[in-house]
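A.B. asks: Contents are compact mmCIF, C-alpha atoms; file name structure-v2.txt:
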```
# COMPACT_ATOMS: atom_id res chain seq x y z
CA MET W 1 -10.65 -26.73 0.64
CA VAL W 2 -10.25 -23.62 2.79
CA ASP W 3 -13.09 -24.68 5.09
CA ARG W 4 -11.53 -28.13 5.46
CA LEU W 5 -8.15 -26.68 6.42
CA ALA W 6 -9.50 -24.02 8.79
CA ASN W 7 -9.46 -26.20 11.89
CA SER W 8 -6.75 -28.65 10.86
CA GLU W 9 -3.66 -29.26 12.95
CA ALA W 10 -1.40 -28.78 9.92
CA ASN W 11 -2.80 -25.28 9.29
CA SER W 12 -2.42 -24.34 12.95
CA LYS W 13 1.22 -25.43 12.92
CA ARG W 14 1.97 -23.48 9.74
CA ILE W 15 0.49 -20.30 11.19
CA ALA W 16 2.40 -20.83 14.45
CA VAL W 17 5.65 -21.03 12.46
CA VAL W 18 4.88 -17.72 10.74
CA GLU W 19 4.14 -16.10 14.11
CA SER W 20 7.42 -17.38 15.56
CA CYS W 21 9.38 -16.02 12.58
CA PHE W 22 8.07 -12.50 13.31
CA GLY W 23 8.66 -12.90 17.04
CA ALA W 24 7.22 -10.76 19.83
CA ALA W 25 7.12 -7.65 17.62
CA GLY W 26 4.63 -9.30 15.23
CA GLN W 27 0.86 -9.41 15.67
CA PRO W 28 -0.88 -12.70 16.58
CA LEU W 29 -2.13 -14.36 13.39
CA ALA W 30 -4.00 -17.42 14.63
CA ILE W 31 -7.76 -16.82 14.77
CA PRO W 32 -10.68 -19.22 14.15
CA GLY W 33 -11.32 -19.76 10.46
CA ARG W 34 -8.03 -18.28 9.23
CA VAL W 35 -6.09 -20.41 6.74
CA LEU W 36 -2.57 -19.92 5.39
CA ILE W 37 -3.00 -20.27 1.63
CA GLY W 38 0.59 -19.78 0.50
CA GLU W 39 3.85 -17.93 0.96
CA GLY W 40 6.89 -16.80 -0.95
CA VAL W 41 9.45 -14.10 -1.66
CA LEU W 42 8.35 -11.24 -3.90
CA THR W 43 10.27 -8.15 -4.97
CA LYS W 44 8.51 -5.06 -3.67
CA LEU W 45 9.08 -1.78 -5.48
CA CYS W 46 10.04 0.49 -2.59
CA ARG W 47 10.77 4.20 -2.72
CA LYS W 48 14.54 3.90 -3.04
CA LYS W 49 14.89 0.60 -4.91
CA PRO W 50 13.26 -2.83 -5.37
CA LYS W 51 13.65 -5.01 -2.27
CA ALA W 52 12.94 -8.67 -1.49
CA ARG W 53 10.09 -9.16 0.99
CA GLN W 54 8.52 -12.29 2.44
CA PHE W 55 4.77 -12.50 1.76
CA PHE W 56 2.15 -14.74 3.36
CA LEU W 57 -1.32 -15.06 1.87
CA PHE W 58 -4.12 -16.01 4.24
CA ASN W 59 -7.77 -16.36 3.29
CA ASP W 60 -8.55 -12.95 4.86
CA ILE W 61 -5.27 -11.01 5.09
CA LEU W 62 -1.98 -10.49 3.27
CA VAL W 63 1.08 -10.30 5.52
CA TYR W 64 4.60 -9.26 4.54
CA GLY W 65 7.85 -8.31 6.21
CA ASN W 66 11.56 -7.73 5.83
CA ILE W 67 13.73 -10.82 5.53
CA VAL W 68 16.33 -11.03 8.32
CA ILE W 69 17.11 -14.75 8.01
CA GLN W 70 15.27 -16.59 5.24
CA LYS W 71 12.60 -18.99 6.58
CA LYS W 72 13.67 -18.20 10.15
CA LYS W 73 13.31 -14.52 11.04
CA TYR W 74 11.35 -11.56 9.65
CA ASN W 75 10.63 -8.06 10.99
CA LYS W 76 8.58 -4.94 10.20
CA GLN W 77 5.37 -6.92 9.83
CA HIS W 78 2.61 -5.40 7.68
CA ILE W 79 -0.94 -6.76 7.65
CA ILE W 80 -3.35 -5.89 4.82
CA PRO W 81 -7.05 -6.88 5.08
CA LEU W 82 -7.92 -8.57 1.77
CA GLU W 83 -11.44 -7.10 1.72
CA SER W 84 -9.92 -3.73 0.81
CA VAL W 85 -7.50 -5.07 -1.84
CA THR W 86 -7.72 -4.73 -5.60
CA ILE W 87 -5.00 -6.01 -7.96
CA ASP W 88 -3.92 -4.98 -11.45
CA THR W 89 -1.23 -6.43 -13.69
CA VAL W 90 1.89 -4.36 -14.48
CA PRO W 91 3.52 -4.48 -17.94
CA ASP W 92 7.07 -5.88 -18.05
CA GLU W 93 9.71 -3.16 -18.23
CA GLY W 94 13.46 -3.88 -18.32
CA ASP W 95 14.52 -6.04 -15.38
CA LEU W 96 11.16 -5.57 -13.67
CA ARG W 97 9.03 -8.43 -14.96
CA ASN W 98 6.05 -10.49 -13.79
CA GLY W 99 4.60 -7.70 -11.65
CA TRP W 100 1.24 -6.53 -10.40
CA LEU W 101 -0.19 -3.77 -8.21
CA ILE W 102 -1.59 -4.38 -4.75
CA LYS W 103 -3.94 -1.45 -4.11
CA THR W 104 -5.73 -0.50 -0.89
CA PRO W 105 -7.26 2.75 0.41
CA THR W 106 -4.33 3.14 2.81
CA LYS W 107 -1.35 2.06 0.73
CA SER W 108 -0.63 0.80 -2.79
CA PHE W 109 2.53 -0.70 -4.26
CA ALA W 110 3.93 -2.94 -6.98
CA VAL W 111 5.40 -6.42 -6.45
CA TYR W 112 7.22 -8.73 -8.84
CA ALA W 113 7.45 -12.52 -8.93
CA ALA W 114 10.37 -14.60 -10.21
CA THR W 115 8.34 -16.18 -13.04
CA ALA W 116 5.16 -15.59 -15.03
CA THR W 117 3.67 -18.79 -13.57
CA GLU W 118 4.33 -17.59 -10.02
CA LYS W 119 2.73 -14.23 -10.84
CA SER W 120 -0.35 -15.96 -12.23
CA GLU W 121 -0.68 -18.18 -9.14
CA TRP W 122 -0.37 -15.26 -6.74
CA MET W 123 -2.89 -13.11 -8.62
CA ASN W 124 -5.37 -15.98 -8.98
CA HIS W 125 -5.21 -16.91 -5.30
CA ILE W 126 -5.47 -13.29 -4.10
CA GLY W 127 -8.36 -12.65 -6.46
CA LYS W 128 -10.24 -15.74 -5.27
CA CYS W 129 -9.72 -14.87 -1.58
CA VAL W 130 -10.94 -11.31 -2.13
CA GLY W 131 -13.94 -12.55 -4.13
CA ASP W 132 -14.90 -15.09 -1.47
CA LEU W 133 -14.68 -12.46 1.30
CA LEU W 134 -16.82 -9.96 -0.60
CA GLN W 135 -19.39 -12.63 -1.41
CA LYS W 136 -19.67 -13.65 2.25
CA SER W 137 -19.90 -10.07 3.50
CA GLY W 138 -22.15 -8.77 0.72
CA LYS W 139 -19.86 -5.75 0.32
CA SER W 140 -18.83 -4.15 -2.95
CA PRO W 141 -15.19 -4.00 -4.15
CA THR W 142 -13.20 -1.03 -2.87
CA GLY W 143 -13.44 1.86 -5.31
CA GLU W 144 -10.86 4.20 -3.78
CA HIS W 145 -7.20 3.35 -3.32
CA ALA W 146 -4.02 5.19 -2.39
CA ALA W 147 -1.72 6.25 -5.21
CA VAL W 148 1.27 4.08 -6.05
CA TRP W 149 4.41 6.12 -5.33
CA VAL W 150 6.72 6.80 -8.26
CA PRO W 151 10.20 5.51 -7.28
CA ASP W 152 12.82 8.17 -6.57
CA SER W 153 15.04 6.85 -9.36
CA GLU W 154 12.41 7.70 -11.99
CA ALA W 155 12.49 11.42 -11.28
CA SER W 156 15.63 13.56 -11.53
CA VAL W 157 13.52 16.74 -11.55
CA CYS W 158 10.19 17.71 -9.96
CA MET W 159 7.33 16.00 -11.79
CA ARG W 160 5.09 19.06 -11.34
CA CYS W 161 7.09 22.21 -12.06
CA LYS W 162 9.63 20.37 -14.28
CA LYS W 163 12.24 22.88 -13.11
CA VAL W 164 13.72 21.94 -9.74
CA LYS W 165 16.52 19.38 -10.03
CA PHE W 166 16.88 17.05 -7.08
CA THR W 167 20.14 17.18 -5.12
CA PRO W 168 21.22 16.23 -1.57
CA VAL W 169 19.99 19.69 -0.57
CA SER W 170 16.86 19.83 -2.73
CA ARG W 171 15.11 16.69 -1.49
CA ARG W 172 12.49 14.54 -3.15
CA HIS W 173 9.01 14.39 -1.65
CA HIS W 174 5.96 12.34 -2.55
CA CYS W 175 2.43 13.63 -2.97
CA ARG W 176 0.14 11.29 -1.04
CA LYS W 177 -2.71 11.89 -3.46
CA CYS W 178 -1.09 11.28 -6.89
CA GLY W 179 2.19 9.58 -5.88
CA PHE W 180 4.35 11.97 -7.95
CA VAL W 181 7.91 12.84 -6.90
CA VAL W 182 7.86 16.59 -6.25
CA CYS W 183 10.05 19.35 -4.86
CA GLY W 184 9.48 21.18 -1.57
CA PRO W 185 7.97 24.36 -3.07
CA CYS W 186 5.49 22.25 -5.11
CA SER W 187 4.36 20.31 -2.03
CA GLU W 188 4.14 22.81 0.80
CA LYS W 189 0.46 22.07 1.48
CA LYS W 190 -1.03 19.30 3.59
CA TYR W 191 -4.52 17.88 3.35
CA LEU W 192 -6.60 15.40 5.31
CA LEU W 193 -6.93 12.10 3.43
CA PRO W 194 -8.88 10.03 6.01
CA SER W 195 -8.21 6.69 4.33
CA GLN W 196 -4.44 7.23 4.68
CA SER W 197 -4.02 9.10 7.96
CA SER W 198 -5.88 10.76 10.79
CA LYS W 199 -3.72 13.84 10.26
CA PRO W 200 -3.17 16.03 7.18
CA VAL W 201 -0.51 14.63 4.83
CA ARG W 202 1.73 16.15 2.18
CA VAL W 203 0.11 16.80 -1.19
CA CYS W 204 1.33 18.65 -4.27
CA GLU W 205 -0.10 22.02 -5.27
CA HIS W 206 -2.00 20.48 -8.19
CA CYS W 207 -3.79 17.90 -6.03
CA TYR W 208 -4.39 20.43 -3.26
CA GLU W 209 -6.27 22.69 -5.67
CA GLN W 210 -8.35 19.77 -6.93
CA LEU W 211 -9.16 18.55 -3.42
CA THR W 212 -10.14 21.98 -2.12
CA SER W 213 -12.23 22.61 -5.21
CA VAL W 214 -14.16 19.38 -4.64
CA ASN W 215 -14.68 20.18 -0.96
CA LEU W 216 -15.79 23.72 -1.71
CA GLN W 217 -18.47 22.25 -3.97
CA ALA W 218 -19.42 19.81 -1.21
CA ARG W 219 -19.69 22.71 1.25
CA SER W 220 -21.93 24.59 -1.19
CA ASP W 221 -24.14 21.52 -1.65
CA SER W 222 -24.42 21.04 2.12
CA ILE W 223 -26.41 24.25 2.34
CA THR W 224 -29.30 22.46 0.67
CA ARG W 225 -28.43 19.00 2.01
CA PRO W 226 -28.25 19.17 5.82
CA GLY W 227 -25.98 16.64 7.46
CA SER W 228 -23.18 16.65 4.89
CA LYS W 229 -19.71 16.53 6.43
CA PHE W 230 -16.83 18.78 5.46
CA HIS W 231 -13.29 17.84 6.46
CA SER W 232 -10.98 20.72 7.26
CA ASN W 233 -7.51 20.90 5.74
CA ASN W 234 -5.64 22.33 8.72
CA LEU W 235 -1.90 21.97 8.44
CA SER W 236 -0.09 19.55 10.71
CA ASP W 237 3.30 20.34 12.20
CA ASP W 238 4.23 16.66 12.27
CA ASP W 239 7.40 15.67 10.44
CA ASP W 240 6.96 14.36 6.92
CA ASP W 241 7.25 10.62 6.34
CA ASP W 242 9.36 10.96 3.21
CA ASP W 243 12.28 9.00 4.66
CA SER W 244 10.16 5.86 4.79
CA SER W 245 11.46 3.24 2.34
CA ASP W 246 8.48 0.92 2.74
```
Would you write the structure of this file as structure tokens?

C.D. replies:
Amino acid sequence: MVDRLANSEANSKRIAVVESCFGAAGQPLAIPGRVLIGEGVLTKLCRKKPKARQFFLFNDILVYGNIVIQKKKYNKQHIIPLESVTIDTVPDEGDLRNGWLIKTPTKSFAVYAATATEKSEWMNHIGKCVGDLLQKSGKSPTGEHAAVWVPDSEASVCMRCKKVKFTPVSRRHHCRKCGFVVCGPCSEKKYLLPSQSSKPVRVCEHCYEQLTSVNLQARSDSITRPGSKFHSNNLSDDDDDDDSSD
């Protein structure tokens, strides 16, 4: 079915509509062989609170953005290559029902559908697209993925030291390795996580010790295995990205 739709006029028009909704700020989406499989509104669990986002599933990428005017205008376009995606179901909890995790090496997050049927359809279609891509490329499924951030609302105190209470002065931060909500003193270190950033990012003390321990072992092994690479963990003076809600 996908192959049949790839070069159809109807598919081209549908993709053109999506491009026009994102406007000049969005990336071009029409390429040979790309098919728009489906679309819909999902609730994305963001750092501050759950937010409605418009999602578009293509046979090779997943695209989502903020809803400005429903079915007419979207912004802040995000494009996720499906080859790097793995999905896992999320148990229902309170008002958050029919959810699953979208995990990639760069970013991972939870989304929720309006109904169980809609959740099943989304997960089945994403899974099939990922499977087809991996089969064609001969690649193996992605083993590493970024941590899913714990929402701010789920942590009134630091999840590491269990002592510091968060206030307007004592801000929340997120460890990029484990996703925990931590205080400033527990996350003073930065470490290079190449799959997430080209620069060192904030990590908690616990993860920093684990990461440096692993790399120290790798450095020791490299003495007998020439050619091994060791990434430095130099601190970056760049501002933290903790204010990002997406």

A.B. asks: Of the residues W:Ala52, W:Leu133, W:Leu42, W:Ala24, which is the one nearest to Lys119 in chain W, using all atoms listed in the file?

C.D. replies: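 Selected residue with least distance to Lys119 in chain W: W:Leu42.
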
A.B. asks: Could the residues of range 13-111 of chain W that have an atom at most 12 Å from range 137-156 of chain W be listed as a Markdown table, each with its closest atom pair and the distance in Å to one decimal, counting only C-alpha atoms and ordered by chain and ascending residue number?

C.D. replies:
```
| residue | atom | partner | partner_atom | distance |
| --- | --- | --- | --- | --- |
| W:Lys44 | CA | W:Pro151 | CA | 11.3 |
| W:Leu45 | CA | W:Pro151 | CA | 7.6 |
| W:Cys46 | CA | W:Pro151 | CA | 6.9 |
| W:Arg47 | CA | W:Pro151 | CA | 4.8 |
| W:Lys48 | CA | W:Asp152 | CA | 5.8 |
| W:Lys49 | CA | W:Pro151 | CA | 7.2 |
| W:Pro50 | CA | W:Pro151 | CA | 9.1 |
| W:Asp60 | CA | W:Ser137 | CA | 11.8 |
| W:Pro81 | CA | W:Thr142 | CA | 11.6 |
| W:Leu82 | CA | W:Thr142 | CA | 10.3 |
| W:Glu83 | CA | W:Pro141 | CA | 7.6 |
| W:Ser84 | CA | W:Thr142 | CA | 5.6 |
| W:Val85 | CA | W:Thr142 | CA | 7.1 |
| W:Thr86 | CA | W:Thr142 | CA | 7.2 |
| W:Ile87 | CA | W:His145 | CA | 10.7 |
| W:Asp88 | CA | W:Val148 | CA | 11.8 |
| W:Val90 | CA | W:Val148 | CA | 11.9 |
| W:Trp100 | CA | W:Val148 | CA | 11.5 |
| W:Leu101 | CA | W:Val148 | CA | 8.3 |
| W:Ile102 | CA | W:Val148 | CA | 9.0 |
| W:Lys103 | CA | W:His145 | CA | 5.9 |
| W:Thr104 | CA | W:His145 | CA | 4.8 |
| W:Pro105 | CA | W:His145 | CA | 3.8 |
| W:Thr106 | CA | W:Ala146 | CA | 5.6 |
| W:Lys107 | CA | W:Ala146 | CA | 5.2 |
| W:Ser108 | CA | W:Val148 | CA | 5.0 |
| W:Phe109 | CA | W:Val148 | CA | 5.3 |
| W:Ala110 | CA | W:Val148 | CA | 7.6 |
| W:Val111 | CA | W:Val148 | CA | 11.3 |
```

A.B. asks: In Å, rounded to a single decimal, give me how far CA of Leu36 in chain W is from CA of Arg53 in chain W.

C.D. replies: 17.2 Å

A.B. asks: Which is closest to Cys21 in chain W among W:Cys178, W:Ile69, W:Val63, W:Ala6, if we use all atoms listed in the file?

C.D. replies: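 Residue with the minimum atom-to-atom distance to Cys21 in chain W: W:Ile69.
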
A.B. asks: Can you measure CA of Pro91 in chain W to CA of Gln70 in chain W for me? One decimal in Å is fine.

C.D. replies: 28.7 Å

A.B. asks: Could you tell me which of W:Ile126, W:Leu57, W:Ala10, W:Ala113 comes closest to Glu39 in chain W if we count all atoms listed in the file?

C.D. replies: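 Residue with the minimum atom-to-atom distance to Glu39 in chain W: W:Leu57.
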
A.B. asks: Excluding Tyr74 in chain W and residues on its chain fewer than 5 positions from it, collect all residues at most 10 Å away from it, counting all atoms listed in the file, and give them as a PyMOL selection string.

C.D. replies: chain W and resi 18-23+25-26+53-54+64-69

A.B. asks: Residues near Pro194 in chain W, anyone? I mean within 10 Å using all atoms listed in the file, not counting same-chain ones fewer than 3 positions away, as a ChimeraX atom specification.

C.D. replies: /W:105-106,191,197-201,231

A.B. asks: Quick one: pull the distance between CA of Thr89 in chain W and CA of Gly38 in chain W, Å, one decimal.

C.D. replies: 19.6 Å

A.B. asks: Would you please work out which residue, of W:Gly40, W:Pro185, W:Gly94, W:Pro28, is nearest to Gln77 in chain W when using all atoms listed in the file?

C.D. replies: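 Closest candidate: W:Pro28.
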
A.B. asks: For Val181 in chain W, which residue among W:Val169, W:Ser195, W:Met159, W:Gln210 is the nearest when counting only C-alpha atoms?

C.D. replies: W:Met159
